[in-house]
Every structure is written in C-alpha cells, then in structure tokens.
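Printed here is target.tsv (TSV, C-alpha atoms):
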```tsv
chain	number	residue	atom	x	y	z
A	1	MET	CA	-251.46	50.67	-141.10
A	2	THR	CA	-250.24	50.22	-137.56
A	3	ASP	CA	-252.96	52.60	-136.42
A	4	LEU	CA	-255.73	50.32	-137.60
A	5	THR	CA	-257.18	47.21	-136.08
A	6	THR	CA	-255.37	44.24	-137.64
A	7	GLY	CA	-257.24	41.44	-139.43
A	8	HIS	CA	-256.66	37.74	-138.74
A	9	VAL	CA	-258.06	34.79	-140.65
A	10	PHE	CA	-258.79	31.28	-139.38
A	11	ILE	CA	-260.58	29.20	-141.96
A	12	ALA	CA	-260.89	25.76	-143.54
A	13	MET	CA	-260.79	25.07	-147.26
A	14	SER	CA	-260.88	21.99	-149.45
A	15	LEU	CA	-257.58	21.16	-151.17
A	16	ASP	CA	-259.10	22.71	-154.30
A	17	GLY	CA	-259.67	26.01	-152.51
A	18	PHE	CA	-263.34	26.11	-151.57
A	19	ILE	CA	-264.87	27.15	-148.25
A	20	ALA	CA	-268.43	26.09	-149.13
A	21	ARG	CA	-270.34	24.49	-151.97
A	22	THR	CA	-272.10	26.82	-154.43
A	23	ASP	CA	-275.28	26.56	-152.31
A	24	GLY	CA	-273.34	27.37	-149.13
A	25	SER	CA	-273.31	23.81	-147.83
A	26	ILE	CA	-270.36	22.73	-145.70
A	27	ASN	CA	-271.37	19.08	-145.30
A	28	TRP	CA	-268.08	18.00	-146.95
A	29	LEU	CA	-266.24	19.82	-144.18
A	30	LEU	CA	-267.81	17.86	-141.37
A	31	ARG	CA	-267.17	14.46	-142.91
A	32	GLN	CA	-263.66	13.98	-141.56
A	33	ASP	CA	-263.38	12.07	-138.31
A	34	THR	CA	-261.64	14.72	-136.26
A	35	GLY	CA	-262.43	13.15	-132.87
A	36	GLU	CA	-260.83	15.13	-130.08
A	37	GLU	CA	-258.41	17.04	-132.30
A	38	ASP	CA	-257.72	20.61	-131.25
A	39	HIS	CA	-257.34	22.61	-134.43
A	40	GLY	CA	-256.55	25.74	-132.46
A	41	PHE	CA	-259.72	27.74	-132.92
A	42	ASP	CA	-260.31	28.43	-129.22
A	43	ALA	CA	-256.75	29.67	-128.77
A	44	PHE	CA	-257.11	31.80	-131.89
A	45	ILE	CA	-260.37	33.48	-130.99
A	46	SER	CA	-259.26	34.10	-127.40
A	47	GLY	CA	-256.79	36.60	-128.85
A	48	MET	CA	-259.42	38.49	-130.84
A	49	ASP	CA	-261.34	41.59	-129.78
A	50	GLY	CA	-264.15	40.96	-132.22
A	51	LEU	CA	-265.27	39.36	-135.45
A	52	VAL	CA	-265.90	40.91	-138.86
A	53	MET	CA	-267.89	38.68	-141.22
A	54	GLY	CA	-269.78	38.89	-144.48
A	55	SER	CA	-273.53	38.69	-144.81
A	56	GLY	CA	-273.29	35.22	-146.36
A	57	THR	CA	-271.38	33.91	-143.37
A	58	PHE	CA	-273.84	35.63	-141.04
A	59	ARG	CA	-276.79	33.98	-142.76
A	60	SER	CA	-275.19	30.56	-142.31
A	61	VAL	CA	-274.47	31.06	-138.59
A	62	GLN	CA	-277.41	33.19	-137.39
A	63	GLU	CA	-279.54	30.19	-136.49
A	64	PHE	CA	-276.86	28.73	-134.23
A	65	ASP	CA	-278.29	28.39	-130.75
A	66	PRO	CA	-276.47	29.01	-128.54
A	67	TRP	CA	-274.74	31.78	-130.44
A	68	PRO	CA	-271.13	30.59	-130.69
A	69	TYR	CA	-269.30	33.91	-130.36
A	70	LYS	CA	-268.47	35.66	-127.12
A	71	VAL	CA	-266.88	38.61	-128.90
A	72	PRO	CA	-268.79	41.40	-130.67
A	73	VAL	CA	-269.62	40.77	-134.32
A	74	VAL	CA	-269.71	43.24	-137.22
A	75	VAL	CA	-271.53	42.08	-140.37
A	76	MET	CA	-270.29	43.79	-143.53
A	77	SER	CA	-273.31	44.56	-145.69
A	78	ALA	CA	-274.49	47.49	-147.78
A	79	SER	CA	-278.09	46.27	-147.77
A	80	MET	CA	-278.84	44.65	-144.40
A	81	THR	CA	-280.54	46.61	-141.63
A	82	VAL	CA	-280.96	45.92	-137.94
A	83	ASP	CA	-284.28	44.25	-138.81
A	84	ASP	CA	-282.31	41.47	-140.49
A	85	ILE	CA	-280.68	40.58	-137.17
A	86	PRO	CA	-282.61	38.20	-134.92
A	87	GLU	CA	-283.63	40.09	-131.80
A	88	ARG	CA	-281.73	37.76	-129.47
A	89	LEU	CA	-278.48	38.72	-131.23
A	90	ARG	CA	-278.87	42.49	-131.44
A	91	GLY	CA	-276.78	43.14	-128.35
A	92	GLY	CA	-273.72	41.53	-129.91
A	93	VAL	CA	-274.15	42.04	-133.64
A	94	GLU	CA	-274.03	45.25	-135.66
A	95	ILE	CA	-274.11	45.98	-139.38
A	96	SER	CA	-271.53	48.05	-141.23
A	97	GLY	CA	-271.63	49.37	-144.78
A	98	GLU	CA	-268.21	50.97	-144.39
A	99	ARG	CA	-265.18	50.27	-146.53
A	100	PRO	CA	-262.64	47.95	-144.85
A	101	GLU	CA	-260.13	50.70	-143.94
A	102	ALA	CA	-262.83	52.96	-142.47
A	103	LEU	CA	-264.21	50.10	-140.41
A	104	MET	CA	-260.80	49.12	-139.07
A	105	GLU	CA	-260.08	52.73	-138.14
A	106	ARG	CA	-263.36	53.01	-136.25
A	107	LEU	CA	-262.86	49.65	-134.52
A	108	LYS	CA	-259.41	50.76	-133.44
A	109	SER	CA	-260.87	53.86	-131.85
A	110	ARG	CA	-263.26	51.56	-130.04
A	111	GLY	CA	-260.32	49.63	-128.60
A	112	TRP	CA	-260.17	46.63	-130.92
A	113	LYS	CA	-256.57	45.63	-131.56
A	114	ARG	CA	-257.23	42.40	-133.43
A	115	ALA	CA	-260.25	41.36	-135.50
A	116	TYR	CA	-261.10	37.86	-136.69
A	117	VAL	CA	-262.08	38.34	-140.35
A	118	ASP	CA	-264.33	35.61	-141.76
A	119	GLY	CA	-266.07	34.77	-145.03
A	120	GLY	CA	-264.64	34.50	-148.54
A	121	GLN	CA	-265.69	37.87	-149.96
A	122	VAL	CA	-264.77	39.78	-146.81
A	123	ILE	CA	-261.40	38.05	-146.49
A	124	GLN	CA	-260.68	38.88	-150.13
A	125	SER	CA	-261.54	42.55	-149.76
A	126	PHE	CA	-259.55	42.88	-146.54
A	127	LEU	CA	-256.56	41.12	-148.13
A	128	ARG	CA	-256.69	43.50	-151.10
A	129	ALA	CA	-256.82	46.42	-148.68
A	130	GLY	CA	-253.72	45.13	-146.88
A	131	LEU	CA	-255.62	44.68	-143.63
A	132	ILE	CA	-254.92	40.99	-143.01
A	133	VAL	CA	-251.70	40.32	-141.10
A	134	ASP	CA	-251.94	36.57	-140.66
A	135	MET	CA	-254.00	33.62	-141.84
A	136	THR	CA	-254.44	30.09	-140.56
A	137	VAL	CA	-255.72	28.02	-143.47
A	138	THR	CA	-256.68	24.46	-142.59
A	139	VAL	CA	-256.73	22.25	-145.66
A	140	ILE	CA	-259.39	19.53	-145.67
A	141	PRO	CA	-258.36	16.37	-147.58
A	142	ILE	CA	-261.06	16.49	-150.24
A	143	LEU	CA	-261.70	17.85	-153.73
A	144	ILE	CA	-265.23	19.20	-154.22
A	145	GLY	CA	-264.76	20.64	-157.70
A	146	GLU	CA	-266.76	23.84	-157.43
A	147	GLY	CA	-268.14	26.20	-154.81
A	148	ARG	CA	-267.33	29.43	-153.05
A	149	GLY	CA	-263.60	30.06	-153.28
A	150	LEU	CA	-261.53	31.28	-150.38
A	151	PHE	CA	-259.28	33.47	-152.49
A	152	GLY	CA	-259.92	35.79	-155.42
A	153	ALA	CA	-258.27	38.39	-157.59
A	154	VAL	CA	-255.42	40.42	-156.12
A	155	ASP	CA	-253.90	43.65	-157.39
A	156	ARG	CA	-250.40	42.20	-157.10
A	157	ASP	CA	-248.78	39.03	-155.76
A	158	ILE	CA	-249.15	38.67	-152.02
A	159	ASP	CA	-246.11	37.00	-150.48
A	160	LEU	CA	-246.63	34.95	-147.36
A	161	GLU	CA	-244.30	33.69	-144.65
A	162	LEU	CA	-245.12	30.27	-143.23
A	163	THR	CA	-244.99	30.54	-139.45
A	164	ASP	CA	-246.57	27.24	-138.38
A	165	VAL	CA	-247.80	23.92	-139.78
A	166	LYS	CA	-249.71	21.28	-137.90
A	167	SER	CA	-251.11	18.08	-139.33
A	168	PHE	CA	-253.75	15.96	-137.66
A	169	PRO	CA	-254.62	12.23	-137.74
A	170	SER	CA	-257.85	13.14	-139.57
A	171	GLY	CA	-255.74	14.41	-142.47
A	172	LEU	CA	-256.34	18.10	-141.84
A	173	VAL	CA	-253.27	20.30	-142.30
A	174	SER	CA	-253.31	23.66	-140.60
A	175	ASN	CA	-250.97	26.25	-142.15
A	176	THR	CA	-250.35	29.62	-140.55
A	177	TYR	CA	-248.93	32.41	-142.71
A	178	ARG	CA	-247.88	35.97	-142.01
A	179	VAL	CA	-248.83	38.30	-144.84
A	180	ILE	CA	-245.59	39.95	-145.95
A	181	THR	CA	-247.03	42.51	-148.33
A	182	ALA	CA	-249.71	43.80	-145.96
B	183	MET	CA	-258.34	-0.51	-162.40
B	184	THR	CA	-255.55	-2.65	-160.99
B	185	ASP	CA	-254.75	-3.76	-164.49
B	186	LEU	CA	-253.87	-0.27	-165.62
B	187	THR	CA	-250.77	1.79	-165.09
B	188	THR	CA	-251.35	3.97	-162.01
B	189	GLY	CA	-251.03	7.76	-162.14
B	190	HIS	CA	-249.01	9.78	-159.62
B	191	VAL	CA	-248.86	13.55	-159.27
B	192	PHE	CA	-246.02	15.69	-157.94
B	193	ILE	CA	-246.71	19.38	-158.39
B	194	ALA	CA	-246.42	22.82	-156.84
B	195	MET	CA	-249.27	25.29	-156.51
B	196	SER	CA	-249.73	28.73	-155.00
B	197	LEU	CA	-251.84	28.80	-151.82
B	198	ASP	CA	-254.67	30.05	-154.04
B	199	GLY	CA	-254.45	26.96	-156.23
B	200	PHE	CA	-252.55	28.00	-159.37
B	201	ILE	CA	-249.74	26.13	-161.11
B	202	ALA	CA	-248.87	28.93	-163.55
B	203	ARG	CA	-249.94	32.45	-164.38
B	204	THR	CA	-252.46	32.90	-167.19
B	205	ASP	CA	-249.57	33.34	-169.66
B	206	GLY	CA	-247.87	30.19	-168.38
B	207	SER	CA	-245.23	32.02	-166.38
B	208	ILE	CA	-243.89	30.33	-163.24
B	209	ASN	CA	-241.62	33.16	-162.10
B	210	TRP	CA	-243.58	33.38	-158.80
B	211	LEU	CA	-242.63	29.78	-158.15
B	212	LEU	CA	-238.92	30.33	-158.30
B	213	ARG	CA	-238.91	33.34	-155.98
B	214	GLN	CA	-238.69	31.42	-152.72
B	215	ASP	CA	-235.21	30.88	-151.35
B	216	THR	CA	-235.22	27.10	-151.25
B	217	GLY	CA	-231.43	26.76	-150.92
B	218	GLU	CA	-230.46	23.12	-150.57
B	219	GLU	CA	-233.94	21.89	-149.64
B	220	ASP	CA	-234.83	18.46	-150.97
B	221	HIS	CA	-238.52	18.58	-151.85
B	222	GLY	CA	-238.49	14.92	-152.82
B	223	PHE	CA	-238.75	15.13	-156.58
B	224	ASP	CA	-235.76	12.89	-157.32
B	225	ALA	CA	-237.06	10.19	-154.98
B	226	PHE	CA	-240.50	10.52	-156.55
B	227	ILE	CA	-239.45	10.25	-160.18
B	228	SER	CA	-237.05	7.37	-159.47
B	229	GLY	CA	-240.17	5.30	-158.78
B	230	MET	CA	-241.86	6.17	-162.08
B	231	ASP	CA	-241.70	4.23	-165.33
B	232	GLY	CA	-242.58	7.22	-167.44
B	233	LEU	CA	-244.23	10.61	-167.62
B	234	VAL	CA	-247.57	11.63	-169.11
B	235	MET	CA	-247.94	15.39	-169.65
B	236	GLY	CA	-250.15	17.84	-171.45
B	237	SER	CA	-249.18	19.81	-174.51
B	238	GLY	CA	-249.02	23.03	-172.47
B	239	THR	CA	-246.53	21.50	-170.06
B	240	PHE	CA	-244.56	20.09	-172.98
B	241	ARG	CA	-244.34	23.51	-174.62
B	242	SER	CA	-242.97	25.00	-171.42
B	243	VAL	CA	-240.29	22.32	-170.96
B	244	GLN	CA	-239.30	21.42	-174.52
B	245	GLU	CA	-236.54	24.02	-174.68
B	246	PHE	CA	-234.84	22.67	-171.56
B	247	ASP	CA	-231.31	21.65	-172.47
B	248	PRO	CA	-230.29	19.21	-171.20
B	249	TRP	CA	-233.67	17.49	-171.31
B	250	PRO	CA	-234.50	16.90	-167.63
B	251	TYR	CA	-236.28	13.53	-167.89
B	252	LYS	CA	-234.56	10.17	-168.04
B	253	VAL	CA	-237.89	8.31	-168.35
B	254	PRO	CA	-240.00	8.09	-171.52
B	255	VAL	CA	-242.52	10.91	-172.00
B	256	VAL	CA	-246.01	10.75	-173.51
B	257	VAL	CA	-247.56	14.09	-174.53
B	258	MET	CA	-251.37	14.03	-174.50
B	259	SER	CA	-252.56	15.97	-177.53
B	260	ALA	CA	-255.23	15.51	-180.16
B	261	SER	CA	-253.56	17.96	-182.54
B	262	MET	CA	-249.77	17.63	-182.20
B	263	THR	CA	-247.76	15.47	-184.58
B	264	VAL	CA	-244.24	14.14	-184.42
B	265	ASP	CA	-243.16	17.27	-186.35
B	266	ASP	CA	-243.98	19.31	-183.25
B	267	ILE	CA	-241.33	17.44	-181.28
B	268	PRO	CA	-237.78	18.78	-181.55
B	269	GLU	CA	-235.66	16.17	-183.32
B	270	ARG	CA	-233.28	15.74	-180.38
B	271	LEU	CA	-236.22	14.60	-178.22
B	272	ARG	CA	-237.94	12.18	-180.61
B	273	GLY	CA	-236.30	9.10	-179.09
B	274	GLY	CA	-237.86	9.76	-175.71
B	275	VAL	CA	-241.08	11.62	-176.46
B	276	GLU	CA	-244.22	10.35	-178.18
B	277	ILE	CA	-247.65	11.88	-178.75
B	278	SER	CA	-250.93	10.27	-177.77
B	279	GLY	CA	-254.45	11.29	-178.69
B	280	GLU	CA	-255.91	8.43	-176.66
B	281	ARG	CA	-258.35	8.76	-173.81
B	282	PRO	CA	-256.73	8.39	-170.36
B	283	GLU	CA	-257.97	4.82	-169.73
B	284	ALA	CA	-256.88	3.60	-173.15
B	285	LEU	CA	-253.46	5.14	-172.71
B	286	MET	CA	-252.96	3.62	-169.27
B	287	GLU	CA	-254.01	0.21	-170.60
B	288	ARG	CA	-251.50	0.44	-173.44
B	289	LEU	CA	-248.73	1.68	-171.14
B	290	LYS	CA	-249.42	-1.22	-168.80
B	291	SER	CA	-248.98	-3.67	-171.65
B	292	ARG	CA	-245.69	-1.94	-172.37
B	293	GLY	CA	-244.57	-2.64	-168.80
B	294	TRP	CA	-245.25	0.71	-167.12
B	295	LYS	CA	-246.48	0.21	-163.56
B	296	ARG	CA	-246.44	3.83	-162.46
B	297	ALA	CA	-246.75	7.01	-164.50
B	298	TYR	CA	-245.92	10.54	-163.36
B	299	VAL	CA	-248.90	12.60	-164.55
B	300	ASP	CA	-248.16	16.31	-165.03
B	301	GLY	CA	-249.99	19.45	-166.15
B	302	GLY	CA	-253.26	20.91	-164.91
B	303	GLN	CA	-255.61	19.72	-167.66
B	304	VAL	CA	-254.11	16.25	-167.81
B	305	ILE	CA	-254.14	15.85	-164.02
B	306	GLN	CA	-257.80	16.90	-163.98
B	307	SER	CA	-258.84	14.45	-166.69
B	308	PHE	CA	-256.90	11.58	-165.09
B	309	LEU	CA	-258.41	12.39	-161.68
B	310	ARG	CA	-261.92	12.35	-163.17
B	311	ALA	CA	-261.12	9.01	-164.78
B	312	GLY	CA	-260.03	7.58	-161.41
B	313	LEU	CA	-256.51	6.99	-162.66
B	314	ILE	CA	-254.57	9.00	-160.06
B	315	VAL	CA	-253.69	7.03	-156.93
B	316	ASP	CA	-251.60	9.60	-155.09
B	317	MET	CA	-250.64	13.26	-155.27
B	318	THR	CA	-247.86	15.27	-153.69
B	319	VAL	CA	-248.99	18.90	-153.73
B	320	THR	CA	-246.38	21.39	-152.59
B	321	VAL	CA	-247.97	24.65	-151.52
B	322	ILE	CA	-245.94	27.79	-152.28
B	323	PRO	CA	-246.48	30.62	-149.77
B	324	ILE	CA	-247.90	33.17	-152.18
B	325	LEU	CA	-251.23	34.36	-153.59
B	326	ILE	CA	-251.11	35.22	-157.30
B	327	GLY	CA	-254.83	35.86	-157.79
B	328	GLU	CA	-255.36	34.31	-161.19
B	329	GLY	CA	-253.79	31.82	-163.56
B	330	ARG	CA	-253.98	28.17	-164.55
B	331	GLY	CA	-255.64	26.20	-161.77
B	332	LEU	CA	-254.37	22.84	-160.60
B	333	PHE	CA	-257.83	21.44	-159.98
B	334	GLY	CA	-261.12	21.65	-161.86
B	335	ALA	CA	-264.61	20.23	-161.94
B	336	VAL	CA	-265.17	16.72	-160.61
B	337	ASP	CA	-268.16	14.43	-161.13
B	338	ARG	CA	-268.39	13.76	-157.38
B	339	ASP	CA	-266.37	14.59	-154.26
B	340	ILE	CA	-262.94	13.00	-154.26
B	341	ASP	CA	-261.88	12.04	-150.75
B	342	LEU	CA	-258.18	12.03	-149.95
B	343	GLU	CA	-256.10	10.45	-147.24
B	344	LEU	CA	-253.14	12.48	-146.03
B	345	THR	CA	-250.11	10.19	-145.94
B	346	ASP	CA	-247.27	12.67	-145.44
B	347	VAL	CA	-246.60	16.34	-144.72
B	348	LYS	CA	-243.25	18.07	-144.84
B	349	SER	CA	-242.59	21.74	-144.32
B	350	PHE	CA	-239.43	23.52	-145.34
B	351	PRO	CA	-237.58	26.61	-144.06
B	352	SER	CA	-238.50	28.37	-147.33
B	353	GLY	CA	-242.15	28.12	-146.33
B	354	LEU	CA	-243.06	25.40	-148.82
B	355	VAL	CA	-245.38	22.71	-147.44
B	356	SER	CA	-245.42	19.39	-149.23
B	357	ASN	CA	-248.62	17.36	-148.71
B	358	THR	CA	-248.95	13.80	-149.98
B	359	TYR	CA	-252.43	12.35	-150.38
B	360	ARG	CA	-253.74	8.96	-151.41
B	361	VAL	CA	-256.87	9.24	-153.55
B	362	ILE	CA	-259.54	7.23	-151.76
B	363	THR	CA	-262.22	7.32	-154.44
B	364	ALA	CA	-259.96	6.29	-157.30
```

Please, can you express the file's structure as structure tokens?
Amino acid sequence: MTDLTTGHVFIAMSLDGFIARTDGSINWLLRQDTGEEDHGFDAFISGMDGLVMGSGTFRSVQEFDPWPYKVPVVVMSASMTVDDIPERLRGGVEISGERPEALMERLKSRGWKRAYVDGGQVIQSFLRAGLIVDMTVTVIPILIGEGRGLFGAVDRDIDLELTDVKSFPSGLVSNTYRVITA
Amino acid sequence: MTDLTTGHVFIAMSLDGFIARTDGSINWLLRQDTGEEDHGFDAFISGMDGLVMGSGTFRSVQEFDPWPYKVPVVVMSASMTVDDIPERLRGGVEISGERPEALMERLKSRGWKRAYVDGGQVIQSFLRAGLIVDMTVTVIPILIGEGRGLFGAVDRDIDLELTDVKSFPSGLVSNTYRVITA
C-alpha cells in the first residue's frame, strides 16, 4: 500500500450521518452561523496533490464559478465522457473509470503522494479498498432523518484512532481519525 | 411540554451511527481501552428520576446481575407482560404500552422530572414526539458497516445546540446537545 497515493477525507455530516439530502441538497449544512470559524479546510487541501471525487459530487460543484479547486481533479465515473465536463474546466478535470487501486497506482506514478477523496460513494469504495489513511469528519448539529449517507457497508470492522478534535462556537465538531486497518 | 417529564439520552454509537450490530451484539463497543476514563454516565444518571427503555434494550440487560439501575425502569412494549420480567426485577421494572406523550404525562404525575430514555427505537419515537431535551452521544472510533441505527426518520429537521464536548485518550468523543426544536 505504501506504493500508492494515499487517500484523505475531509467532509461534513449531520449527526445522523448524512452528507446531503436525498435530492443532493446541502441547505441544512449552510444554516449554522459559522462566522469567521476556520474549520481547517484550507490547511487540509494545501497538503493534497489532487482531488478524487464521484460524479454526484462533480455535478453539484461543476457550476461553481470561480472553480474552487487549485489542484487537479479526477472524477470517478464509468459513464461520463469528456463531453460531460464544461469546457472551462477541461484543463483541470479528467474522468476515470478505473478501480480505486489502479487509479491510486497511476496517480502515484504521476507524482501524487496524497489525494483528497470526496463524495459518499467514492469514500466508501476507497475505504473498502484500504486506500483511506485519515478522515476529518465534521459533525453538524442537526438531524435530517434521511439522505445520502457518508458511510456504507464494510467487509470487516474498520478501527480508527482519534488524532484530533476541535469544537467551534457554531456547534460544529471536527474529528480527525487515522484509519488503523487500512 | 413543560408539564411533562423531560427525556434525556446518554448513548454510544459507532462513527457510522450504529448502537449495536444487527444481532444486538455490542462487542465492538467494548474493544476500546478506556481504562479509568469517566465518560460521565454516573453523573448523568444521578440526575434522572427513572429510565424508559425499549424491549430490545431490556432483553439485552435483563440478565445483568447485579441489576445495574437504582432508578425505576419502564419498558416500552405493546406485547410484553409482567411474566416476561424476571421475578427478581419486578419491584423495579414495569411495562408500558402507552404512547410517549401519555407515558411522560403519567410519569410527571408520579413525580418524575427527568427520564433517561434508552434504546434506538424508543429514542427515535421520543425525539419525533418532541420529548427529548438533551442527548449525550459518545462516538466510538470504529466503522461497523451495518447494525441497529441510533437515529431514524424525522418529520422535519431537528436542530441541535452543542453544549459540551469531551474527548478521551481511548478515542471516544462525547458530544452533548440540547434539542432546539423539542
């Protein structure tokens, strides 16, 4: 595993484990008054060589203007083609239909040491493949009842080591874990 | 609502939101080395007038000897009878088939101000009924993938206010929330 690019997660979920409503909406996530709080995202992404995301996540961010990512982005999709990428983004976004291990091997050969892995389905598949080495999960103080879950089935228990906790006046709690069984 | 007994939750869940495996097992919960850590349960229960639990929780604790609870226990069940309660426990355990509001009204008239509400299904129904005023959720650093979830469907978003966070050397993180929409 040490030969592959390592995967790193930085994500927010509701206390009941959702990263978006069933329709993809994240309005519940923006409702907290977080003022000037620094939840650590800039520091996190500054240590990443690139971003691997799912097609669902890509669809929800592709309209962002300006494009928020300075690092190269790989969208995991078996069905998307370059035509699905807005022209203004084609320099920084590519599509991959590879399996997680194959992708991480190729990214390593391209010089990526650390990849930010984003999106529920992609995080789940990379976790199952043992490719995630740490996760910062920021818990939003709300129950939304249903939606797209952050976590899913695992082949066996995945033990975690808590390496950092930060709480914020808004009520967000940011927990960083190292994945022990990766 | 102020006339009813208030409900209070103190529970542990895996980072992926489960309180037990599908078969009820909590072996994953006891695997952390928590040494002499005080997670606050004694202080919590000393402020409770009694405990309301589901039949599933009762089945998993009824063999405990000595019986761990000094406060009276109400088991929420539409099908259990007094014959389902071991004789040694009958002085301190009763069964209720009431709806949550009716129970909390009756308990109030009996002098209960605060009830410890335990068990996934019972917590969910009391949350939906607006009867839970605060919750301490201790997150165990593990993903188990499937099992009995702590939370379930809600009629509308339930906003929470974080009132306390404690982390422990074992990696447990104890989050206390006040329920805003109760």

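Contact shell of Ile267 in chain B at 12 Å (all atoms listed in the file; same-chain neighbours under 2 positions omitted): Ser237, Phe240, Arg241, Val243, Gln244, Glu245, Val255, Val256, Val257, Ser259, Met262, Thr263, Val264, Asp265, Glu269, Arg270, Leu271, Arg272, Gly273, Gly274, Val275, Glu276 and Ile277 of chain B.
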
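Taking CA of His8 in chain A as the reference point, CA of Thr136 in chain A is found at 8.2 Å.
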
With a distance threshold of 7 Å and counting all atoms listed in the file, extract the residues of chain B near chain A and express them as a list of chain:residue names. B:Asp198, B:Gly199, B:Pro323, B:Ile324, B:Leu325, B:Ile326, B:Gly327, B:Glu328, B:Phe333, B:Gly334, B:Ala335, B:Val336, B:Asp339, B:Ile340, B:Asp341, B:Leu342, B:Glu343, B:Leu344, B:Gly353

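The space separating CA of Ile227 in chain B from CA of Arg296 in chain B comes to 9.8 Å.
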
List as a PyMOL selection string the protein and nucleic acid residues near range 99-106 of chain A, meaning an atom at most 10 Å away when only C-alpha atoms are counted, but skip any in the same chain fewer than 4 places from it. chain A and resi 1+3-7+52+74+76-78+110-115+122+125-131

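Interatomic distance, CA of Arg21 in chain A to CA of Gly120 in chain A: 12.0 Å.
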
Some atoms are missing, so please complete range 267-292 of chain B with N, CA and C atoms and return it as a compact mmCIF listing (two decimals), keeping the file's coordinate frame.
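Contents of the output file part.txt:
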```txt
# COMPACT_ATOMS: atom_id res chain seq x y z
N ILE B 267 -242.32 17.83 -182.28
CA ILE B 267 -241.33 17.44 -181.28
C ILE B 267 -239.93 17.73 -181.82
N PRO B 268 -239.15 18.52 -181.10
CA PRO B 268 -237.78 18.78 -181.55
C PRO B 268 -237.05 17.45 -181.82
N GLU B 269 -236.27 17.43 -182.88
CA GLU B 269 -235.66 16.17 -183.32
C GLU B 269 -234.85 15.50 -182.21
N ARG B 270 -234.14 16.31 -181.43
CA ARG B 270 -233.28 15.74 -180.38
C ARG B 270 -234.07 14.98 -179.33
N LEU B 271 -235.40 15.22 -179.27
CA LEU B 271 -236.22 14.60 -178.22
C LEU B 271 -237.03 13.41 -178.72
N ARG B 272 -237.00 13.16 -180.05
CA ARG B 272 -237.94 12.18 -180.61
C ARG B 272 -237.74 10.77 -180.07
N GLY B 273 -236.52 10.44 -179.64
CA GLY B 273 -236.30 9.10 -179.09
C GLY B 273 -237.04 8.86 -177.78
N GLY B 274 -237.29 9.94 -177.04
CA GLY B 274 -237.86 9.76 -175.71
C GLY B 274 -239.25 10.32 -175.52
N VAL B 275 -239.78 10.96 -176.59
CA VAL B 275 -241.08 11.62 -176.46
C VAL B 275 -242.02 11.11 -177.55
N GLU B 276 -243.22 10.72 -177.18
CA GLU B 276 -244.22 10.35 -178.18
C GLU B 276 -245.51 11.11 -177.90
N ILE B 277 -246.38 11.18 -178.89
CA ILE B 277 -247.65 11.88 -178.75
C ILE B 277 -248.78 10.87 -178.71
N SER B 278 -249.75 11.15 -177.85
CA SER B 278 -250.93 10.27 -177.77
C SER B 278 -252.20 11.10 -177.82
N GLY B 279 -253.13 10.67 -178.66
CA GLY B 279 -254.45 11.29 -178.69
C GLY B 279 -255.48 10.40 -178.03
N GLU B 280 -255.00 9.39 -177.30
CA GLU B 280 -255.91 8.43 -176.66
C GLU B 280 -256.64 9.06 -175.48
N ARG B 281 -257.72 8.40 -175.07
CA ARG B 281 -258.35 8.76 -173.81
C ARG B 281 -257.49 8.20 -172.67
N PRO B 282 -257.60 8.81 -171.47
CA PRO B 282 -256.73 8.39 -170.36
C PRO B 282 -256.73 6.88 -170.10
N GLU B 283 -257.91 6.26 -170.04
CA GLU B 283 -257.97 4.82 -169.73
C GLU B 283 -257.25 4.00 -170.80
N ALA B 284 -257.49 4.35 -172.06
CA ALA B 284 -256.88 3.60 -173.15
C ALA B 284 -255.36 3.73 -173.10
N LEU B 285 -254.91 4.94 -172.81
CA LEU B 285 -253.46 5.14 -172.71
C LEU B 285 -252.88 4.29 -171.59
N MET B 286 -253.52 4.34 -170.42
CA MET B 286 -252.96 3.62 -169.27
C MET B 286 -252.99 2.11 -169.49
N GLU B 287 -253.96 1.64 -170.27
CA GLU B 287 -254.01 0.21 -170.60
C GLU B 287 -252.84 -0.15 -171.52
N ARG B 288 -252.59 0.70 -172.50
CA ARG B 288 -251.50 0.44 -173.44
C ARG B 288 -250.15 0.53 -172.74
N LEU B 289 -250.01 1.53 -171.85
CA LEU B 289 -248.73 1.68 -171.14
C LEU B 289 -248.48 0.48 -170.23
N LYS B 290 -249.57 -0.05 -169.66
CA LYS B 290 -249.42 -1.22 -168.80
C LYS B 290 -248.87 -2.40 -169.61
N SER B 291 -249.42 -2.56 -170.81
CA SER B 291 -248.98 -3.67 -171.65
C SER B 291 -247.53 -3.47 -172.09
N ARG B 292 -247.08 -2.23 -172.02
CA ARG B 292 -245.69 -1.94 -172.37
C ARG B 292 -244.78 -2.08 -171.14
```
